[in-house]
$ cat query06.tsv   # TSV, C-alpha atoms and all ligand atoms
chain	number	residue	atom	x	y	z
L	1	MET	CA	6.65	122.83	157.82
L	2	LEU	CA	9.84	121.17	158.99
L	3	SER	CA	11.85	123.47	161.22
L	4	PRO	CA	14.06	123.28	164.31
L	5	GLN	CA	11.61	125.60	166.09
L	6	GLY	CA	8.72	123.17	165.66
L	7	ARG	CA	7.21	120.60	167.99
L	8	LYS	CA	9.70	117.78	168.43
L	9	LEU	CA	8.66	114.62	166.61
L	10	ASP	CA	7.93	111.63	168.81
L	11	PHE	CA	5.75	108.53	168.47
L	12	ARG	CA	2.70	110.39	169.77
L	13	LEU	CA	2.94	113.07	167.11
L	14	ALA	CA	3.66	110.43	164.45
L	15	GLU	CA	0.53	108.55	165.43
L	16	ASP	CA	-1.55	111.74	165.41
L	17	LEU	CA	-0.34	112.65	161.94
L	18	ALA	CA	-1.31	109.20	160.67
L	19	GLN	CA	-4.99	110.10	161.16
L	20	TYR	CA	-4.95	112.61	158.27
L	21	SER	CA	-5.73	111.47	154.71
L	22	GLN	CA	-3.24	114.01	153.34
L	23	ILE	CA	-0.33	116.01	154.67
L	24	ILE	CA	1.81	118.53	152.82
L	25	LEU	CA	5.36	118.79	154.11
L	26	ILE	CA	7.15	122.06	153.34
L	27	CYS	CA	10.94	121.86	153.34
L	28	GLY	CA	13.05	124.99	153.63
L	29	ARG	CA	16.62	125.33	152.41
L	30	TYR	CA	19.39	127.53	153.77
L	31	GLU	CA	17.75	130.36	155.72
L	32	GLY	CA	14.37	128.72	155.61
L	33	VAL	CA	11.03	129.93	154.30
L	34	ASP	CA	9.58	133.42	153.82
L	35	GLU	CA	7.79	134.43	157.01
L	36	ARG	CA	4.60	135.14	155.06
L	37	VAL	CA	4.44	131.54	153.87
L	38	ILE	CA	4.65	130.46	157.48
L	39	GLN	CA	1.90	132.90	158.47
L	40	TYR	CA	-0.57	132.14	155.71
L	41	LEU	CA	0.05	128.51	154.80
L	42	VAL	CA	1.69	126.60	157.59
L	43	THR	CA	-0.58	124.90	160.13
L	44	ASP	CA	2.12	123.16	162.17
L	45	GLU	CA	5.86	123.28	162.54
L	46	ILE	CA	7.62	120.03	163.29
L	47	SER	CA	11.25	119.42	164.21
L	48	ILE	CA	13.01	116.07	164.06
L	49	GLY	CA	15.59	117.15	166.64
L	50	ASP	CA	17.79	119.90	168.00
L	51	TYR	CA	20.28	120.28	165.17
L	52	VAL	CA	20.30	122.20	161.91
L	53	LEU	CA	20.09	120.60	158.48
L	54	THR	CA	21.06	122.37	155.25
L	55	GLY	CA	17.69	121.35	153.84
L	56	ALA	CA	14.66	119.84	155.53
L	57	GLU	CA	14.10	117.04	153.00
L	58	PRO	CA	15.74	114.37	155.18
L	59	ALA	CA	13.41	115.48	157.99
L	60	ALA	CA	10.43	114.97	155.65
L	61	VAL	CA	11.65	111.45	154.90
L	62	VAL	CA	11.86	110.74	158.62
L	63	ILE	CA	8.28	111.94	159.10
L	64	VAL	CA	6.97	109.91	156.17
L	65	ASP	CA	8.62	106.78	157.54
L	66	ALA	CA	7.62	107.21	161.19
L	67	VAL	CA	4.03	108.23	160.35
L	68	SER	CA	3.35	105.56	157.73
L	69	ARG	CA	4.06	102.74	160.22
L	70	PHE	CA	0.89	103.83	162.02
L	71	ILE	CA	-1.25	103.40	158.90
L	72	PRO	CA	-2.96	100.00	158.91
L	73	HIS	CA	-1.24	97.33	156.80
L	74	VAL	CA	1.93	99.35	156.21
L	75	VAL	CA	3.61	97.15	158.80
L	76	GLY	CA	2.40	93.58	158.23
L	77	LYS	CA	1.54	92.84	161.83
L	78	ALA	CA	-0.38	95.54	163.72
L	79	GLU	CA	0.89	93.76	166.80
L	80	SER	CA	4.52	94.65	166.02
L	81	VAL	CA	3.66	98.35	165.95
L	82	ARG	CA	1.99	98.07	169.36
L	83	HIS	CA	4.97	96.21	170.78
L	84	ASP	CA	7.62	98.52	169.36
L	85	SER	CA	9.81	100.82	171.38
L	86	PHE	CA	7.96	103.70	173.08
L	87	TYR	CA	4.47	102.50	172.28
L	88	ASP	CA	3.89	101.09	175.74
L	89	GLY	CA	6.32	103.61	177.19
L	90	LEU	CA	9.28	101.22	177.15
L	91	LEU	CA	12.17	100.44	174.85
L	92	ASP	CA	11.90	97.28	172.79
L	93	PHE	CA	13.11	93.96	174.24
L	94	PRO	CA	16.03	92.11	172.59
L	95	HIS	CA	15.28	90.05	169.50
L	96	TYR	CA	16.96	86.86	168.33
L	97	THR	CA	16.92	84.84	165.15
L	98	ARG	CA	18.89	81.81	163.91
L	99	PRO	CA	21.28	80.22	164.64
L	100	ARG	CA	20.66	79.14	168.24
L	101	ASP	CA	24.35	79.40	168.97
L	102	PHE	CA	26.57	82.00	167.29
L	103	LYS	CA	30.21	81.68	168.37
L	104	GLY	CA	29.04	80.65	171.81
L	105	MET	CA	26.50	83.46	172.10
L	106	LYS	CA	23.27	81.60	172.70
L	107	VAL	CA	19.63	82.50	172.22
L	108	PRO	CA	18.18	82.57	175.77
L	109	ASP	CA	16.58	79.21	176.62
L	110	VAL	CA	13.27	80.77	177.64
L	111	LEU	CA	12.69	81.93	174.05
L	112	LEU	CA	12.96	78.35	172.82
L	113	SER	CA	10.71	76.97	175.55
L	114	GLY	CA	7.43	77.51	173.69
L	115	ASP	CA	5.92	78.80	176.96
L	116	HIS	CA	4.38	82.07	175.84
L	117	ARG	CA	3.51	83.35	179.29
L	118	LYS	CA	7.12	82.90	180.34
L	119	ILE	CA	8.33	84.51	177.12
L	120	ASP	CA	6.07	87.55	177.62
L	121	SER	CA	7.26	87.97	181.17
L	122	TRP	CA	10.93	87.69	180.09
L	123	ARG	CA	10.37	90.33	177.41
L	124	GLN	CA	8.65	92.67	179.86
L	125	LYS	CA	11.56	92.24	182.25
L	126	LYS	CA	14.14	92.95	179.52
L	127	SER	CA	12.23	96.01	178.30
L	128	LEU	CA	12.09	97.43	181.79
L	129	GLU	CA	15.75	96.71	182.53
L	130	LYS	CA	16.87	98.26	179.28
L	131	THR	CA	14.65	101.32	179.66
L	132	SER	CA	15.79	101.90	183.22
L	133	ARG	CA	19.44	101.62	182.14
L	134	LEU	CA	19.33	103.63	178.88
L	135	ARG	CA	16.28	105.92	179.15
L	136	PRO	CA	15.30	106.35	182.80
L	137	ASP	CA	13.46	109.54	181.76
L	138	LEU	CA	10.82	107.36	180.07
L	139	LEU	CA	9.98	105.74	183.41
L	140	LYS	CA	9.41	108.99	185.30
L	141	ASN	CA	5.62	109.01	185.13
L	142	ARG	CA	5.08	105.29	184.83
L	143	LYS	CA	2.72	103.37	187.07
L	144	PHE	CA	4.66	100.24	188.03
L	145	SER	CA	3.07	96.90	188.66
L	146	SER	CA	4.63	94.94	191.51
L	147	GLU	CA	6.32	92.71	188.95
L	148	ASP	CA	7.73	95.79	187.16
L	149	LYS	CA	9.29	97.00	190.40
L	150	LYS	CA	11.50	93.93	190.69
L	151	TYR	CA	13.17	94.79	187.41
L	152	THR	CA	13.86	98.48	187.82
L	153	ARG	CA	15.84	98.72	191.03
L	154	GLY	CA	18.65	101.20	190.48
L	155	SER	CA	16.80	103.23	187.90
L	156	LYS	CA	16.55	106.20	190.27
L	157	ASP	CA	20.35	106.14	190.71
L	158	SER	CA	20.98	106.10	186.99
L	159	LYS	CA	18.56	108.98	186.54
L	160	GLU	CA	20.39	111.04	189.13
L	161	ARG	CA	23.69	110.19	187.50
L	162	GLN	CA	22.35	111.40	184.14
L	163	GLU	CA	21.13	114.69	185.55
L	164	ARG	CA	24.39	115.51	187.30
L	201	LIG	C1	14.95	120.77	160.66
L	201	LIG	C2	15.01	120.05	161.86
L	201	LIG	C3	16.01	121.65	160.10
L	201	LIG	C4	16.56	124.65	159.09
L	201	LIG	C5	16.18	123.43	156.96
L	201	LIG	C6	17.42	125.63	158.35
L	201	LIG	C7	17.02	124.49	156.28
L	201	LIG	C8	16.57	123.31	158.39
L	201	LIG	N1	13.78	120.54	160.12
L	201	LIG	N2	13.86	119.41	161.97
L	201	LIG	N3	16.96	125.75	156.97
L	201	LIG	N4	15.98	120.00	162.75
L	201	LIG	N5	15.63	122.42	159.05
L	201	LIG	O1	17.10	121.66	160.58
L	201	LIG	O2	13.12	119.70	160.92
$ encode --input "query06.tsv" --output "structure tokens" --more "lines below"
Ligand code: 4GS
Amino acid sequence: MLSPQGRKLDFRLAEDLAQYSQIILICGRYEGVDERVIQYLVTDEISIGDYVLTGAEPAAVVIVDAVSRFIPHVVGKAESVRHDSFYDGLLDFPHYTRPRDFKGMKVPDVLLSGDHRKIDSWRQKKSLEKTSRLRPDLLKNRKFSSEDKKYTRGSKDSKERQER
């Protein structure tokens, strides 16, 4: 059942749910669902965030979308799912498409170099920088490689700033 008192949805829960062949999502409206339904029928309560909807249907849509990406072949490349935000504990790196130059804003040269080791290392660096700037909480329990450490200086400061 979808409910604000449930376990908060994140990528881990979405991936877990993708293992089931069937899921029934129960959506309450207004005051919710009769307590006896919850007691006798509901196995899990899931929340999509700390706010109250008038009906849980949009929350069900969110679950269907986030869970189905973990089902093989729903997303064309399994690799994209693995490289998405959160999956390796980091936010996604920036993406670029054509044209190479848009009003003077250029696609970084490294991405056009064809050197895939350099590209991977640039992406890792950008992911770490972005995560440390926007979501330092995600880095709290991370084991950093020595290369990682170069990119995340200042993340402790931004964490402290956020907590204040
Ligand atoms: C949520 C939520 C929710 C609660 C449905 C009041 C109508 C409403 N469901 N995550 N009754 N947040 N449900 O607000 O899942």
$ closest_residue --input "query06.tsv" --among "L:Leu90, L:Ala66, L:Val110, L:Met105" --to "L:Phe144" --atoms "all atoms listed in the file"
L:Leu90
$ residues_near_ligand --input "query06.tsv" --ligand "ligand LIG 201 (chain L)" --cutoff "12 Å" --atoms "all atoms listed in the file" --output "number ranges by chain"
L: 1-10, 25-34, 44-63
$ atom_distance --input "query06.tsv" --atom1 "atom CA of L:Glu147" --atom2 "atom CA of L:His116"
17.0 Å
$ residues_around --input "query06.tsv" --residues "L:Lys125" --least-positions-apart "6" --cutoff "12 Å" --atoms "all atoms listed in the file" --output "NGL selection string"
:L and (90-94 or 118-119 or 131-132 or 145-153)
$ atom_distance --input "query06.tsv" --atom1 "atom CA of L:Leu128" --atom2 "atom CA of L:Val81"
18.0 Å
$ atom_distance --input "query06.tsv" --atom1 "atom CA of L:Ala14" --atom2 "atom CA of L:Glu79"
17.1 Å
$ closest_residue --input "query06.tsv" --among "L:Gly89, L:Ile38, L:Leu13, L:His83" --to "L:Asp120" --atoms "all atoms listed in the file"
L:His83
$ residues_around --input "query06.tsv" --residues "L:Tyr20" --least-positions-apart "3" --cutoff "12 Å" --atoms "only C-alpha atoms" --output "short mmCIF file (atom, residue, chain, number, x, y, z; two decimals) with C-alpha atoms, in the coordinates of the input"
data_model
loop_
_atom_site.label_atom_id
_atom_site.label_comp_id
_atom_site.auth_asym_id
_atom_site.auth_seq_id
_atom_site.Cartn_x
_atom_site.Cartn_y
_atom_site.Cartn_z
CA LEU L 13 2.94 113.07 167.11
CA ALA L 14 3.66 110.43 164.45
CA GLU L 15 0.53 108.55 165.43
CA ASP L 16 -1.55 111.74 165.41
CA LEU L 17 -0.34 112.65 161.94
CA ILE L 23 -0.33 116.01 154.67
CA ILE L 24 1.81 118.53 152.82
CA VAL L 67 4.03 108.23 160.35
CA SER L 68 3.35 105.56 157.73
CA PHE L 70 0.89 103.83 162.02
CA ILE L 71 -1.25 103.40 158.90
#
$ closest_residue --input "query06.tsv" --among "L:Lys143, L:Arg123, L:Arg117, L:Arg82" --to "L:Arg69" --atoms "all atoms listed in the file"
L:Arg82
$ axis_aligned_box --input "query06.tsv" --around "stretch 122-129 of chain L" --padding-each-side "3 Å" --output "JSON"
{"center_x": 12.2, "center_y": 92.6, "center_z": 180.0, "size_x": 13.1, "size_y": 15.7, "size_z": 11.1}
